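Content type mmCIF, C-alpha atoms, from the file upload_22.cif:
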data_start
#
loop_
_atom_site.group_PDB
_atom_site.id
_atom_site.type_symbol
_atom_site.label_atom_id
_atom_site.label_comp_id
_atom_site.auth_asym_id
_atom_site.auth_seq_id
_atom_site.Cartn_x
_atom_site.Cartn_y
_atom_site.Cartn_z
ATOM 1 C CA MET A 1 27.016 -0.611 -9.976
ATOM 2 C CA SER A 2 26.376 -0.352 -6.252
ATOM 3 C CA ALA A 3 26.567 -2.991 -3.544
ATOM 4 C CA TRP A 4 23.748 -5.496 -3.373
ATOM 5 C CA THR A 5 21.424 -4.988 -0.388
ATOM 6 C CA GLY A 6 19.787 -7.972 1.262
ATOM 7 C CA ARG A 7 17.622 -8.515 4.342
ATOM 8 C CA MET A 8 18.966 -10.580 7.217
ATOM 9 C CA ASP A 9 17.293 -12.214 10.176
ATOM 10 C CA VAL A 10 18.547 -10.301 13.233
ATOM 11 C CA ARG A 11 18.295 -13.518 15.250
ATOM 12 C CA LEU A 12 21.460 -14.659 13.435
ATOM 13 C CA LEU A 13 23.299 -11.983 15.419
ATOM 14 C CA GLU A 14 21.674 -12.948 18.704
ATOM 15 C CA ALA A 15 22.469 -16.620 18.148
ATOM 16 C CA GLY A 16 26.125 -15.807 17.469
ATOM 17 C CA ARG A 17 25.989 -17.016 13.852
ATOM 18 C CA ILE A 18 27.156 -13.563 12.747
ATOM 19 C CA ALA A 19 29.742 -12.350 15.247
ATOM 20 C CA PRO A 20 31.102 -8.896 16.014
ATOM 21 C CA ILE A 21 34.580 -8.547 14.549
ATOM 22 C CA GLU A 22 35.725 -6.182 17.335
ATOM 23 C CA HIS A 23 34.382 -8.106 20.339
ATOM 24 C CA ARG A 24 34.323 -11.724 21.529
ATOM 25 C CA ASN A 25 30.516 -11.884 21.277
ATOM 26 C CA TRP A 26 27.473 -9.600 21.283
ATOM 27 C CA ARG A 27 27.107 -9.753 25.078
ATOM 28 C CA ASP A 28 30.640 -8.362 25.376
ATOM 29 C CA ALA A 29 29.872 -5.701 22.767
ATOM 30 C CA ARG A 30 26.804 -4.583 24.741
ATOM 31 C CA ARG A 31 28.800 -4.569 27.985
ATOM 32 C CA TYR A 32 31.580 -2.548 26.331
ATOM 33 C CA PHE A 33 29.154 0.009 24.891
ATOM 34 C CA LYS A 34 27.171 0.363 28.119
ATOM 35 C CA ALA A 35 30.368 0.963 30.127
ATOM 36 C CA ARG A 36 31.314 3.844 27.815
ATOM 37 C CA PRO A 37 28.700 6.605 27.715
ATOM 38 C CA LYS A 38 29.857 7.905 24.325
ATOM 39 C CA HIS A 39 29.421 4.461 22.768
ATOM 40 C CA TRP A 40 26.057 3.822 24.412
ATOM 41 C CA ALA A 41 24.901 7.248 23.196
ATOM 42 C CA GLY A 42 25.738 5.993 19.700
ATOM 43 C CA VAL A 43 23.567 2.912 20.238
ATOM 44 C CA GLU A 44 20.727 5.081 21.542
ATOM 45 C CA ALA A 45 21.052 7.412 18.549
ATOM 46 C CA TRP A 46 20.707 4.423 16.213
ATOM 47 C CA MET A 47 17.706 3.169 18.201
ATOM 48 C CA GLU A 48 16.007 6.521 17.622
ATOM 49 C CA LYS A 49 16.822 6.467 13.897
ATOM 50 C CA ILE A 50 15.500 2.899 13.602
ATOM 51 C CA ARG A 51 12.298 3.837 15.440
ATOM 52 C CA ASN A 52 11.882 6.596 12.838
ATOM 53 C CA GLY A 53 12.225 4.105 9.984
ATOM 54 C CA ARG A 54 15.875 4.671 9.097
ATOM 55 C CA LEU A 55 17.456 1.245 8.639
ATOM 56 C CA GLU A 56 20.938 1.542 7.155
ATOM 57 C CA PRO A 57 22.666 -1.652 6.019
ATOM 58 C CA ILE A 58 25.094 -3.454 8.286
ATOM 59 C CA GLN A 59 28.230 -4.678 6.538
ATOM 60 C CA ILE A 60 28.897 -8.397 6.904
ATOM 61 C CA GLY A 61 32.225 -9.979 6.079
ATOM 62 C CA VAL A 62 32.421 -13.666 5.139
ATOM 63 C CA SER A 63 35.764 -15.443 5.479
ATOM 64 C CA ASP A 64 37.068 -16.840 2.204
ATOM 65 C CA ARG A 65 39.138 -19.406 4.151
ATOM 66 C CA TYR A 66 36.346 -20.434 6.550
ATOM 67 C CA PRO A 67 33.064 -19.549 4.785
ATOM 68 C CA GLN A 68 30.987 -20.474 7.834
ATOM 69 C CA ASP A 69 32.648 -17.556 9.722
ATOM 70 C CA TRP A 70 30.591 -14.395 9.298
ATOM 71 C CA TYR A 71 31.325 -11.109 11.051
ATOM 72 C CA VAL A 72 29.862 -7.632 11.311
ATOM 73 C CA GLY A 73 32.669 -5.549 9.838
ATOM 74 C CA ASP A 74 30.825 -2.240 10.143
ATOM 75 C CA GLY A 75 27.653 -1.495 12.067
ATOM 76 C CA HIS A 76 28.286 -2.812 15.585
ATOM 77 C CA HIS A 77 26.298 0.021 17.194
ATOM 78 C CA ARG A 78 23.459 -0.513 14.681
ATOM 79 C CA ALA A 79 23.483 -4.260 15.356
ATOM 80 C CA VAL A 80 23.166 -3.752 19.111
ATOM 81 C CA ALA A 81 20.416 -1.186 18.526
ATOM 82 C CA LEU A 82 18.510 -3.657 16.324
ATOM 83 C CA MET A 83 18.778 -6.365 18.975
ATOM 84 C CA GLU A 84 17.778 -3.980 21.784
ATOM 85 C CA LEU A 85 14.661 -2.968 19.829
ATOM 86 C CA GLY A 86 13.754 -6.522 18.852
ATOM 87 C CA VAL A 87 13.809 -5.778 15.116
ATOM 88 C CA LYS A 88 13.278 -9.013 13.175
ATOM 89 C CA ARG A 89 14.888 -8.198 9.803
ATOM 90 C CA ALA A 90 17.433 -5.614 8.746
ATOM 91 C CA PRO A 91 19.279 -4.613 5.578
ATOM 92 C CA PHE A 92 22.876 -5.615 4.971
ATOM 93 C CA HIS A 93 25.687 -5.520 2.450
ATOM 94 C CA TRP A 94 28.320 -8.231 2.349
ATOM 95 C CA TYR A 95 31.892 -8.800 1.259
ATOM 96 C CA TRP A 96 34.456 -11.585 1.313
ATOM 97 C CA ILE A 97 37.149 -11.300 3.991
ATOM 98 C CA ARG A 98 40.010 -12.220 1.702
ATOM 99 C CA SER A 99 43.267 -13.776 2.833
ATOM 100 C CA CYS A 100 44.862 -11.572 0.174
ATOM 101 C CA GLY A 101 43.597 -8.554 -1.684
ATOM 102 C CA ARG A 102 41.218 -5.764 -0.788
ATOM 103 C CA PRO A 103 37.623 -6.461 0.183
ATOM 104 C CA ALA A 104 34.858 -5.076 -2.011
ATOM 105 C CA MET A 105 31.129 -5.085 -1.420
ATOM 106 C CA GLU A 106 29.498 -7.875 -3.408
ATOM 107 C CA ARG A 107 26.946 -7.064 -6.086
ATOM 108 C CA GLY A 108 24.875 -10.224 -5.789
ATOM 109 C CA PRO A 109 22.990 -12.240 -3.172
ATOM 110 C CA ILE A 110 24.773 -14.106 -0.430
ATOM 111 C CA ASP A 111 24.692 -17.891 -0.211
ATOM 112 C CA TRP A 112 22.988 -18.488 3.156
ATOM 113 C CA THR A 113 23.963 -22.178 3.057
ATOM 114 C CA LEU A 114 27.535 -21.121 3.884
ATOM 115 C CA LEU A 115 26.347 -20.614 7.485
ATOM 116 C CA GLU A 116 25.268 -24.258 7.651
ATOM 117 C CA ARG A 117 28.729 -25.725 7.076
#
Is it possible to give me this structure as structure tokens?
Amino acid sequence: MSAWTGRMDVRLLEAGRIAPIEHRNWRDARRYFKARPKHWAGVEAWMEKIRNGRLEPIQIGVSDRYPQDWYVGDGHHRAVALMELGVKRAPFHWYWIRSCGRPAMERGPIDWTLLER
């Protein structure tokens, strides 16, 4: 059975509700990518793919210790591309960030109320 695919509101990224795991916030991620031509070229490549209808899921990790903490574990360039283009909804997969054990993509819907805690 494959990972469950949901649709997320991209505004959750912009509002900082779903943070980048590799950067302090999305403004810093954009700044980092723009300062490095190779990285910004990656963002631009994703923008072109998205314009052509190719929306690949972003991977979101949810902390098992602090379930209100959600992070983009894979797809930082895609996330910035989505925000740059003003895309409203995008596909995602999710997994628990476990304090022990290996993460695995979940096969069922996410509980959005975890963000409200």
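Once the PyMOL selection byres ((chain A and resi 7) around 10) is applied to the shown structure, the selection contains Thr5, Gly6, Met8, Asp9, Val10, Pro57, Ile58, Lys88, Arg89, Ala90, Pro91, Phe92, His93 and Pro109 of chain A.
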*Check the smallest atom-to-atom distance from each of A:Arg17, A:Arg65, A:Arg31, A:Arg78 to Met47 in chain A using all atoms listed in the file, then report the winner.*
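Between A:Arg17, A:Arg65, A:Arg31, A:Arg78, the residue approaching Met47 in chain A most closely is A:Arg78.
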*Just say which residues the PyMOL selection byres ((chain A and resi 66) around 12) picks in this file, as a VMD selection string.*
chain A and resid 61 to 65 67 to 71 96 to 99 114 to 117
*Please identify all polymer residues within 12 Å of range 33-40 of chain A, counting only C-alpha atoms, omitting same-chain residues fewer than 3 positions from it, and present them as a list in words.*
Glu22, His23, Trp26, Arg27, Asp28, Ala29, Arg30, Val43, Glu44, Ala45, Trp46, Met47, His76, His77, Arg78, Ala79, Val80, Ala81 and Glu84 of chain A
*Fewer than 6 positions away in the same chain doesn't count, so skip those; otherwise give me all residues within 9 Å of Arg107 in chain A, counting all atoms listed in the file, as a ChimeraX atom specification.*
/A:1-5,93-94
*Mind giving me the straight-line distance from CA of Ile60 in chain A to CA of Asp74 in chain A in Å, one decimal?*
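These atoms are spaced 7.2 Å apart.
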Box for range 52-69 of chain A - axis-aligned, 8 Å on each of the six sides, all listed atoms - centre and size in Å to one decimal, as AutoDock Vina command-line options.
--center_x 25.5 --center_y -6.9 --center_z 7.5 --size_x 43.3 --size_y 43.1 --size_z 26.6
*Interatomic distance (Å, one decimal) between CA of Gly101 in chain A and CA of Glu56 in chain A*: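 These atoms are spaced 26.3 Å apart.
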*What is the CA of Tyr95 in chain A to CA of Gly42 in chain A distance in Å?*
24.4 Å
Can I get a file of range 42-79 of chain A from the given structure, N, CA and C atoms kept, as a CSV table (one decimal), in the first residue's frame?
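What ended up in result-v7.csv:
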chain,number,residue,atom,x,y,z
A,42,GLY,N,16.8,25.6,-9.0
A,42,GLY,CA,15.9,24.5,-8.6
A,42,GLY,C,14.5,24.9,-8.4
A,43,VAL,N,14.4,26.1,-7.7
A,43,VAL,CA,13.0,26.7,-7.5
A,43,VAL,C,12.4,27.0,-8.8
A,44,GLU,N,13.2,27.7,-9.7
A,44,GLU,CA,12.6,28.0,-11.0
A,44,GLU,C,12.2,26.8,-11.8
A,45,ALA,N,13.0,25.7,-11.7
A,45,ALA,CA,12.6,24.5,-12.4
A,45,ALA,C,11.3,24.0,-11.9
A,46,TRP,N,11.1,24.0,-10.6
A,46,TRP,CA,9.8,23.6,-10.0
A,46,TRP,C,8.7,24.5,-10.4
A,47,MET,N,8.9,25.8,-10.5
A,47,MET,CA,7.9,26.7,-10.9
A,47,MET,C,7.4,26.4,-12.3
A,48,GLU,N,8.3,26.0,-13.2
A,48,GLU,CA,8.0,25.7,-14.6
A,48,GLU,C,7.2,24.4,-14.6
A,49,LYS,N,7.6,23.4,-13.8
A,49,LYS,CA,6.9,22.1,-13.7
A,49,LYS,C,5.4,22.3,-13.2
A,50,ILE,N,5.3,23.2,-12.2
A,50,ILE,CA,4.0,23.5,-11.6
A,50,ILE,C,3.1,24.2,-12.6
A,51,ARG,N,3.7,25.1,-13.3
A,51,ARG,CA,2.9,25.8,-14.4
A,51,ARG,C,2.4,24.9,-15.4
A,52,ASN,N,3.1,23.8,-15.6
A,52,ASN,CA,2.8,22.8,-16.6
A,52,ASN,C,1.9,21.7,-16.0
A,53,GLY,N,1.4,21.9,-14.8
A,53,GLY,CA,0.5,21.0,-14.1
A,53,GLY,C,1.1,19.8,-13.4
A,54,ARG,N,2.4,19.9,-13.2
A,54,ARG,CA,3.1,18.8,-12.4
A,54,ARG,C,3.2,19.2,-10.9
A,55,LEU,N,2.3,18.7,-10.1
A,55,LEU,CA,2.4,19.0,-8.7
A,55,LEU,C,2.7,17.7,-7.9
A,56,GLU,N,4.0,17.6,-7.5
A,56,GLU,CA,4.4,16.4,-6.8
A,56,GLU,C,4.2,16.7,-5.3
A,57,PRO,N,3.9,15.7,-4.5
A,57,PRO,CA,3.6,15.9,-3.1
A,57,PRO,C,4.8,16.4,-2.3
A,58,ILE,N,4.6,17.3,-1.4
A,58,ILE,CA,5.6,17.7,-0.4
A,58,ILE,C,5.5,16.7,0.8
A,59,GLN,N,6.6,16.4,1.4
A,59,GLN,CA,6.5,15.5,2.6
A,59,GLN,C,6.5,16.4,3.9
A,60,ILE,N,5.5,16.1,4.7
A,60,ILE,CA,5.4,16.9,5.9
A,60,ILE,C,5.6,15.9,7.1
A,61,GLY,N,6.5,16.3,8.0
A,61,GLY,CA,6.7,15.6,9.2
A,61,GLY,C,6.0,16.2,10.4
A,62,VAL,N,5.3,15.4,11.2
A,62,VAL,CA,4.6,15.9,12.4
A,62,VAL,C,5.3,15.3,13.6
A,63,SER,N,5.7,16.2,14.6
A,63,SER,CA,6.4,15.7,15.8
A,63,SER,C,5.5,14.8,16.6
A,64,ASP,N,6.0,13.7,17.0
A,64,ASP,CA,5.2,12.8,17.9
A,64,ASP,C,5.2,13.4,19.4
A,65,ARG,N,6.3,14.1,19.7
A,65,ARG,CA,6.4,14.7,21.0
A,65,ARG,C,5.6,16.0,21.1
A,66,TYR,N,5.6,16.8,20.1
A,66,TYR,CA,4.9,18.1,20.0
A,66,TYR,C,4.0,18.1,18.8
A,67,PRO,N,2.8,17.5,18.8
A,67,PRO,CA,2.1,17.3,17.6
A,67,PRO,C,1.6,18.6,16.9
A,68,GLN,N,1.8,19.8,17.5
A,68,GLN,CA,1.5,21.0,16.8
A,68,GLN,C,2.7,21.5,16.0
A,69,ASP,N,3.8,20.8,16.1
A,69,ASP,CA,5.0,21.2,15.3
A,69,ASP,C,5.0,20.4,14.0
A,70,TRP,N,4.8,21.1,12.9
A,70,TRP,CA,4.8,20.4,11.6
A,70,TRP,C,5.9,21.0,10.7
A,71,TYR,N,6.6,20.2,10.0
A,71,TYR,CA,7.8,20.6,9.2
A,71,TYR,C,7.7,20.0,7.8
A,72,VAL,N,8.3,20.8,6.8
A,72,VAL,CA,8.5,20.2,5.5
A,72,VAL,C,9.8,19.4,5.6
A,73,GLY,N,9.7,18.1,5.5
A,73,GLY,CA,10.9,17.3,5.6
A,73,GLY,C,11.6,17.1,4.2
A,74,ASP,N,10.8,17.2,3.2
A,74,ASP,CA,11.3,17.1,1.8
A,74,ASP,C,10.4,17.9,0.9
A,75,GLY,N,11.0,18.7,0.1
A,75,GLY,CA,10.2,19.6,-0.8
A,75,GLY,C,10.3,21.1,-0.6
A,76,HIS,N,11.4,21.5,0.0
A,76,HIS,CA,11.6,22.9,0.3
A,76,HIS,C,11.6,23.7,-1.0
A,77,HIS,N,12.3,23.3,-2.0
A,77,HIS,CA,12.3,24.0,-3.3
A,77,HIS,C,10.9,24.1,-3.9
A,78,ARG,N,10.1,23.0,-3.8
A,78,ARG,CA,8.7,22.9,-4.3
A,78,ARG,C,7.9,23.9,-3.5
A,79,ALA,N,8.1,23.9,-2.1
A,79,ALA,CA,7.3,24.8,-1.3
A,79,ALA,C,7.5,26.2,-1.7
